[in-house]
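Student: Below are the structure tokens for one structure; questions will follow.
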Amino acid sequence: MGVGYTDFMKNSGVSTLALALQAIHAACDDAGISFKQLDGVATHRVGDSVQGAVVLNALGMVDPKFYVDQFGGGSASHTVVGQAAMAVATGVADYVVCWRAINARSEYRMGGTGRPPPDVVEFQYQTPYGYATPPQQFASMASAYMAKYGATREDFGRVAIRQRDNASRNERAMMRTPITMDDYLSSRWIVEPLCLFDCCLETDAAIAVVVTSAERARDLKHTPVLVSGAAWGGGHTLYSNHREDLTTSAAAAMSKRLYAMAGAGPEDIDVGCIYDAFTPLVLVQLEDYGFCAKGEAGAFVAEGTFPFNPHGGHLSAGYVHGINHIAEAVEQLRGNAGARQVAGAEVALSTGQSGYVAGSSSALILRKGEQS
Amino acid sequence: MSDVERLIPYPDRDSVLWWAALARHEFVQQRCDDCGTWRWPPRAMCSGCGSFTWTWQPAAGRGTVISCIRTHHAFLPGFEAPYFTVFVSIDEQADIVMPGTWHHADPPQVGLRVQVFFDDIDVREGAPVTLVGWQPADD
């Protein structure tokens with residue numbers, strides 16, 4: 001795999017096409033290939049970014065062997081990389097580039113009202129109620145989780161504080177000044193029970209990841225990182241019926257087949273890049289990916305034994321809708337994460353949004369490979 | 001309500017009769033003619049048995065709050081923050097969860113028994129619009 005970043009910004013001043021091309025170019029450099037070797041593309045968006053076909057044209061790719069342009073947000077972030085891995089494993093394509101490019105602060109804010117809502121029929125049951133934005137959607141699961149398990153604001157706060165501390169060691173992170181529990185508890189409400197520090201940043205950025213076969217990867221520039229397991233699916237939304245319990249995510253069902261595919265379990269995971277648009281999502285996923293029992297994630301985080309989101313995540317490093325978690329997992333497994341390196345990291349779990357909005361989730365288990 | 005016009009529902013071909021019933025202050029839901037499963041939002045097929053035949057059937061309009069939030073940040077036009085939104089699991093079938101506005105002086109809480117409140121909203125032109133609202137149950 002090769003990974004490429006743009007800077008994390010509040011106002012990029014350029015188009016999402018420009019961001020995508022910069023990140024793709026950087027990812028090819030990182031992999032040690034020319035962009036002309038790319039023969040497949042995979043991206044996802046929610047009406048907020050340039051079409052895959054336009055990027056493909058801008059890359060001069062006239063005969064793409066693999067093309068995915070999926071409707072979806074953070075839930076789909078790991079799906080596109082999983083699909084790219086399927087494409088190279090089956091010989092459909094040799095080098096597939098996956099990316100997400102967003103001006104999520106300066107152009108298209110999530111749930112922003114200055115544009116038509118995305119093409120989602122359920123919005124008719126949300127927007128008239130004044131209920132349409134991600135902090136509201138995730139506050140609804142936070143409320144149910146607190147009521148069912150007695151989780152506290154301090155449980156959420158410890159996630160925010162830990163990730164800010166991690167971000168202080170990440171030169172790319174947008175927010176690097178440590179925060180205290182007092183800072184957390186005194187920050188303003190956004191949507192009760194979520195306050196400012198429960199919410200991720202809004203970021204202009206792109207990240208690209210090049211996926212190729214394990215055999216080719218051995219001859220590239222860096223220690224290869226192998227896709228050991230990939231899974232997606234697993235859940236419902238408020239609007240699909242069959243979902244009266246908001247305290248369990250799509251990951252609860254999906255994680256079982258993910259671990260089976262990878263031949264691993266939670267005890268094998270050295271580092272977790274856990275989707276963190278909002279703090280309670282981290283807690284629910286630590287449970288649903290099997291690191292602790294239901295309702296115990298608050299205490300598990302307080303123990304501090306499991307390293308998660310060493311980059312600071314969406315909460316403190318920057319919000320690139322999930323792909324930054326994959327990029328961080330790659331850097332950790334290569335062993336070049338600098339001051340934030342988790343010692344001896346050989347197996348990583350990286351997860352997408354765990355299913356409260358789209359109803360589905362996606363995740364990868366990645367392993368450190370060997371160069372030839 | 002503020003002077004800024006809020007967003008109103010935009011029914012689709014599956015939901016137009018549901019919204020029309022709500023505007024008449026009727027709390028009706030789709031129910032499968034073949035297996036009796038209720039469903040919401042409105043859609044053409046029963047996900048339980050695959051049947052395409054259903055009846056719009058009155059539901060009691062009662063349920064239990066499973067989640068409640070209070071929006072402080074003014075994300076959307078026409079709403080004066082802070083305001084509550086509640087999520088109610090309806091008595092006919094627990095896995096139907098219906099968001100709604102809140103209509104009582106006391107704040108909502110998880111576990112509270114509630115009944116429907118027909119929330120007629122101001123619209124400047126066009127047909128009257130009613131949303132699902134919730135209030136504490138009277139029993």
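Chain labels run A, B, ... following the order of the structure tokens; each chain numbers its residues from 1, and ligands are numbered from 1 in the order shown.
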Compile a residue-level contact table for chain A against chain B at a cut-off of 10 Å, reporting for every qualifying residue the shortest atom pair and its distance in Å to one decimal, with only C-alpha atoms counted, rows ordered by chain and ascending number, as a tab-separated table.
Tutor:
```
residue	atom	partner	partner_atom	distance
A:Gly111	CA	B:Phe75	CA	8.1
A:Gly112	CA	B:Phe75	CA	7.5
A:Thr113	CA	B:Leu76	CA	6.5
A:Gly114	CA	B:Leu76	CA	9.7
A:Val121	CA	B:Asp12	CA	7.7
A:Glu122	CA	B:Pro41	CA	8.0
A:Phe123	CA	B:Pro9	CA	8.5
A:Gln124	CA	B:Pro9	CA	5.1
A:Tyr125	CA	B:Pro9	CA	7.2
A:Gln126	CA	B:Pro99	CA	7.7
A:Thr127	CA	B:Leu7	CA	6.3
A:Pro128	CA	B:Ile8	CA	5.0
A:Tyr129	CA	B:Thr101	CA	6.4
A:Gly130	CA	B:Leu76	CA	6.1
A:Tyr131	CA	B:Thr85	CA	7.4
A:Ala132	CA	B:Leu76	CA	8.2
A:Thr133	CA	B:Phe75	CA	7.5
A:Pro135	CA	B:Thr71	CA	8.9
A:Gln136	CA	B:Thr71	CA	7.1
A:Gln137	CA	B:Ile69	CA	9.1
A:Phe138	CA	B:Ile69	CA	9.5
A:Ala139	CA	B:Ile69	CA	6.2
A:Ser140	CA	B:Ser67	CA	5.7
A:Met141	CA	B:Ser67	CA	7.2
A:Ala142	CA	B:Ser67	CA	8.3
A:Ser143	CA	B:Ser67	CA	5.4
A:Ala144	CA	B:Ser67	CA	4.9
A:Tyr145	CA	B:Ser67	CA	8.7
A:Met146	CA	B:Ser67	CA	9.5
A:Ala147	CA	B:Val110	CA	6.6
A:Lys148	CA	B:Val110	CA	9.0
A:Arg188	CA	B:His72	CA	8.8
A:Trp189	CA	B:His72	CA	6.2
A:Ile190	CA	B:His73	CA	5.2
A:Val191	CA	B:Thr71	CA	4.3
A:Glu192	CA	B:Arg70	CA	4.9
A:Pro193	CA	B:Ile69	CA	6.7
A:Leu194	CA	B:Ile69	CA	8.9
A:Cys195	CA	B:His72	CA	9.5
A:Thr237	CA	B:Val97	CA	9.7
A:Leu238	CA	B:Val97	CA	6.2
A:Tyr239	CA	B:Pro41	CA	6.2
A:Ser240	CA	B:Trp40	CA	7.6
A:Asn241	CA	B:Asp95	CA	5.3
A:His242	CA	B:Asp95	CA	4.8
A:Arg243	CA	B:Asp95	CA	5.2
A:Glu244	CA	B:Asp95	CA	4.5
A:Asp245	CA	B:Ile66	CA	8.0
A:Leu246	CA	B:Ile66	CA	8.3
```
Student: Mind checking which residues fall within 7 Å of region 24-29 of chain A, counting only C-alpha atoms, ignoring those fewer than 4 positions away in the same chain, and posting them as a count of residues only?
Tutor: 11
Student: Among region 218-266 of chain A, which ones does DSSP place in alpha helix (DSSP H), written as number ranges by chain?
Tutor: A: 251-262
Student: Write the residues of the preceding selection, restricted to all heavy atoms, as a PDB file, in the first residue's frame.
Tutor:
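Result file is result.pdb:
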```
ATOM      1  N   ALA A 251     -21.365  -3.106  13.832  1.00  0.00           N
ATOM      2  CA  ALA A 251     -20.110  -3.847  13.997  1.00  0.00           C
ATOM      3  C   ALA A 251     -20.296  -5.131  14.807  1.00  0.00           C
ATOM      4  O   ALA A 251     -19.509  -6.070  14.676  1.00  0.00           O
ATOM      5  CB  ALA A 251     -19.064  -2.962  14.668  1.00  0.00           C
ATOM      6  N   ALA A 252     -21.325  -5.198  15.641  1.00  0.00           N
ATOM      7  CA  ALA A 252     -21.497  -6.374  16.499  1.00  0.00           C
ATOM      8  C   ALA A 252     -21.638  -7.642  15.650  1.00  0.00           C
ATOM      9  O   ALA A 252     -21.041  -8.676  15.957  1.00  0.00           O
ATOM     10  CB  ALA A 252     -22.713  -6.191  17.402  1.00  0.00           C
ATOM     11  N   ALA A 253     -22.428  -7.568  14.593  1.00  0.00           N
ATOM     12  CA  ALA A 253     -22.594  -8.728  13.712  1.00  0.00           C
ATOM     13  C   ALA A 253     -21.416  -8.850  12.741  1.00  0.00           C
ATOM     14  O   ALA A 253     -20.863  -9.927  12.534  1.00  0.00           O
ATOM     15  CB  ALA A 253     -23.908  -8.601  12.934  1.00  0.00           C
ATOM     16  N   MET A 254     -21.008  -7.726  12.183  1.00  0.00           N
ATOM     17  CA  MET A 254     -20.003  -7.737  11.122  1.00  0.00           C
ATOM     18  C   MET A 254     -18.626  -8.150  11.619  1.00  0.00           C
ATOM     19  O   MET A 254     -17.854  -8.788  10.896  1.00  0.00           O
ATOM     20  CB  MET A 254     -19.935  -6.333  10.533  1.00  0.00           C
ATOM     21  CG  MET A 254     -19.187  -6.221   9.249  1.00  0.00           C
ATOM     22  SD  MET A 254     -18.757  -4.501   8.990  1.00  0.00           S
ATOM     23  CE  MET A 254     -17.383  -4.346  10.131  1.00  0.00           C
ATOM     24  N   SER A 255     -18.290  -7.784  12.853  1.00  0.00           N
ATOM     25  CA  SER A 255     -16.933  -8.035  13.344  1.00  0.00           C
ATOM     26  C   SER A 255     -16.621  -9.533  13.387  1.00  0.00           C
ATOM     27  O   SER A 255     -15.465  -9.931  13.233  1.00  0.00           O
ATOM     28  CB  SER A 255     -16.740  -7.415  14.732  1.00  0.00           C
ATOM     29  OG  SER A 255     -17.633  -7.985  15.660  1.00  0.00           O
ATOM     30  N   LYS A 256     -17.649 -10.361  13.557  1.00  0.00           N
ATOM     31  CA  LYS A 256     -17.401 -11.811  13.650  1.00  0.00           C
ATOM     32  C   LYS A 256     -16.829 -12.339  12.346  1.00  0.00           C
ATOM     33  O   LYS A 256     -15.870 -13.115  12.334  1.00  0.00           O
ATOM     34  CB  LYS A 256     -18.696 -12.534  14.018  1.00  0.00           C
ATOM     35  CG  LYS A 256     -19.186 -12.183  15.417  1.00  0.00           C
ATOM     36  CD  LYS A 256     -20.454 -12.951  15.779  1.00  0.00           C
ATOM     37  CE  LYS A 256     -20.904 -12.650  17.202  1.00  0.00           C
ATOM     38  NZ  LYS A 256     -21.250 -11.234  17.407  1.00  0.00           N
ATOM     39  N   ARG A 257     -17.399 -11.915  11.220  1.00  0.00           N
ATOM     40  CA  ARG A 257     -16.849 -12.433   9.958  1.00  0.00           C
ATOM     41  C   ARG A 257     -15.533 -11.754   9.592  1.00  0.00           C
ATOM     42  O   ARG A 257     -14.704 -12.321   8.887  1.00  0.00           O
ATOM     43  CB  ARG A 257     -17.878 -12.367   8.834  1.00  0.00           C
ATOM     44  CG  ARG A 257     -18.390 -11.016   8.452  1.00  0.00           C
ATOM     45  CD  ARG A 257     -19.378 -11.169   7.269  1.00  0.00           C
ATOM     46  NE  ARG A 257     -19.912  -9.906   6.852  1.00  0.00           N
ATOM     47  CZ  ARG A 257     -21.016  -9.350   7.339  1.00  0.00           C
ATOM     48  NH1 ARG A 257     -21.712  -9.957   8.259  1.00  0.00           N
ATOM     49  NH2 ARG A 257     -21.420  -8.183   6.881  1.00  0.00           N
ATOM     50  N   LEU A 258     -15.355 -10.537  10.071  1.00  0.00           N
ATOM     51  CA  LEU A 258     -14.075  -9.861   9.846  1.00  0.00           C
ATOM     52  C   LEU A 258     -12.939 -10.632  10.545  1.00  0.00           C
ATOM     53  O   LEU A 258     -11.911 -10.935   9.939  1.00  0.00           O
ATOM     54  CB  LEU A 258     -14.139  -8.432  10.383  1.00  0.00           C
ATOM     55  CG  LEU A 258     -12.825  -7.655  10.329  1.00  0.00           C
ATOM     56  CD1 LEU A 258     -12.466  -7.298   8.888  1.00  0.00           C
ATOM     57  CD2 LEU A 258     -12.905  -6.392  11.176  1.00  0.00           C
ATOM     58  N   TYR A 259     -13.147 -10.945  11.806  1.00  0.00           N
ATOM     59  CA  TYR A 259     -12.121 -11.691  12.554  1.00  0.00           C
ATOM     60  C   TYR A 259     -11.905 -13.079  11.944  1.00  0.00           C
ATOM     61  O   TYR A 259     -10.775 -13.566  11.848  1.00  0.00           O
ATOM     62  CB  TYR A 259     -12.523 -11.821  14.027  1.00  0.00           C
ATOM     63  CG  TYR A 259     -12.348 -10.556  14.841  1.00  0.00           C
ATOM     64  CD1 TYR A 259     -13.386 -10.058  15.616  1.00  0.00           C
ATOM     65  CD2 TYR A 259     -11.133  -9.869  14.852  1.00  0.00           C
ATOM     66  CE1 TYR A 259     -13.226  -8.906  16.386  1.00  0.00           C
ATOM     67  CE2 TYR A 259     -10.960  -8.714  15.605  1.00  0.00           C
ATOM     68  CZ  TYR A 259     -12.010  -8.238  16.377  1.00  0.00           C
ATOM     69  OH  TYR A 259     -11.849  -7.105  17.127  1.00  0.00           O
ATOM     70  N   ALA A 260     -12.997 -13.724  11.524  1.00  0.00           N
ATOM     71  CA  ALA A 260     -12.864 -15.068  10.937  1.00  0.00           C
ATOM     72  C   ALA A 260     -12.023 -15.023   9.663  1.00  0.00           C
ATOM     73  O   ALA A 260     -11.154 -15.868   9.441  1.00  0.00           O
ATOM     74  CB  ALA A 260     -14.258 -15.643  10.654  1.00  0.00           C
ATOM     75  N   MET A 261     -12.267 -14.008   8.833  1.00  0.00           N
ATOM     76  CA  MET A 261     -11.510 -13.895   7.590  1.00  0.00           C
ATOM     77  C   MET A 261     -10.030 -13.680   7.879  1.00  0.00           C
ATOM     78  O   MET A 261      -9.151 -14.237   7.200  1.00  0.00           O
ATOM     79  CB  MET A 261     -12.049 -12.736   6.742  1.00  0.00           C
ATOM     80  CG  MET A 261     -11.380 -12.622   5.382  1.00  0.00           C
ATOM     81  SD  MET A 261     -11.880 -11.129   4.475  1.00  0.00           S
ATOM     82  CE  MET A 261     -13.556 -11.529   4.059  1.00  0.00           C
ATOM     83  N   ALA A 262      -9.744 -12.884   8.896  1.00  0.00           N
ATOM     84  CA  ALA A 262      -8.350 -12.556   9.216  1.00  0.00           C
ATOM     85  C   ALA A 262      -7.681 -13.656  10.050  1.00  0.00           C
ATOM     86  O   ALA A 262      -6.466 -13.625  10.257  1.00  0.00           O
ATOM     87  CB  ALA A 262      -8.296 -11.228   9.968  1.00  0.00           C
TER      88      ALA A 262
END
```
Student: So what do you get for CA of Gly157 (chain A) versus CA of Met181 (chain A), distance-wise?
Tutor: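 A separation of 6.5 Å between them.
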Student: Name the residues in contact with His311 (chain A) at a cut-off of 9 Å, using only C-alpha atoms, excluding same-chain residues fewer than 6 positions from it; report them as number ranges by chain.
Tutor: A: 163-164, 166-170, 172-173, 273, 317, 324-325, 328, 337, 340
Student: Rank nothing, just name the residue among A:Ala231, A:Ala76, A:Ile323, A:Ala293 nearest to Gln353 (chain A), using only C-alpha atoms.
Tutor: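 Checking each candidate against Gln353 (chain A), we get A:Ala76 as the closest.
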Student: Would you list the contacts of Thr53 (chain B) as a list in words, taking every protein, DNA or RNA residue within 9 Å and counting only C-alpha atoms, but skipping same-chain residues closer than 4 positions in sequence?
Tutor: Arg31, Cys32, Asp33, Asp34, Ala44, Met45 and Cys46 of chain B
Student: May I ask for the distance between CA of Val46 (chain A) and CA of Glu287 (chain A), given in Å to one decimal place?
Tutor: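 Here the two named atoms are 28.1 Å from each other.
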Student: Considering only C-alpha atoms, state which residue in the set A:Thr43, A:Ser186, A:Asp94, A:Gly355 is at the smallest distance from Asp69 (chain A).
Tutor: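 Checking each candidate against Asp69 (chain A), we get A:Thr43 as the closest.
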Student: Neighbouring residues of Val330 (chain A) were defined as those with any atom within 8 Å, considering only C-alpha atoms; residues of the same chain fewer than 6 positions away were excluded. Please report them as JSON, numbers by chain.
Tutor: {"A": [1, 3, 225, 366]}
Student: Go through B:Phe118, B:Gly126, B:Arg113, B:Asp106 one by one, measure the shortest atom-to-atom distance of each to Gly63 (chain B) using only C-alpha atoms, and give the residue with the smallest value.
Tutor: B:Arg113
Student: Quick one: residues within 8 Å of Arg105 (chain A), only C-alpha atoms counted, chain neighbours fewer than 4 positions away excluded, as a list in words?
Tutor: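 Residues near the query, excluding close chain neighbours: Lys10, Asn11, Arg109, Glu202, Thr203 and Asp204 of chain A.
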Student: Just list as a PyMOL selection string whatever in region 145-304 of chain A DSSP marks as strand (DSSP E).
Tutor: chain A and resi 189-192+194-195+204-212+225-233+271-273
Student: Residues as selected, C-alpha atoms, written as a compact mmCIF listing (two decimals), in the first residue's frame, can you do that?
Tutor:
```txt
# COMPACT_ATOMS: atom_id res chain seq x y z
CA TRP A 189 -23.43 21.81 24.48
CA ILE A 190 -23.84 21.02 20.81
CA VAL A 191 -26.61 18.45 21.13
CA GLU A 192 -27.20 17.04 24.62
CA LEU A 194 -22.84 15.70 23.37
CA CYS A 195 -20.68 18.76 23.97
CA ASP A 204 -10.74 20.18 4.14
CA ALA A 205 -8.45 17.34 3.07
CA ALA A 206 -7.89 14.33 0.87
CA ILE A 207 -6.15 11.04 1.53
CA ALA A 208 -5.43 8.35 -1.03
CA VAL A 209 -4.36 4.74 -0.60
CA VAL A 210 -2.87 2.59 -3.39
CA VAL A 211 -3.81 -1.09 -3.21
CA THR A 212 -1.90 -3.74 -5.13
CA VAL A 225 0.94 -3.82 4.67
CA LEU A 226 -1.43 -6.68 3.93
CA VAL A 227 -5.22 -6.66 3.96
CA SER A 228 -5.83 -9.62 6.21
CA GLY A 229 -9.57 -9.18 6.60
CA ALA A 230 -12.20 -6.91 5.09
CA ALA A 231 -15.88 -6.79 5.89
CA TRP A 232 -18.86 -4.55 5.42
CA GLY A 233 -22.57 -4.64 6.15
CA VAL A 271 -3.49 -0.97 17.64
CA GLY A 272 -7.02 0.20 16.83
CA CYS A 273 -7.99 3.02 14.51
```
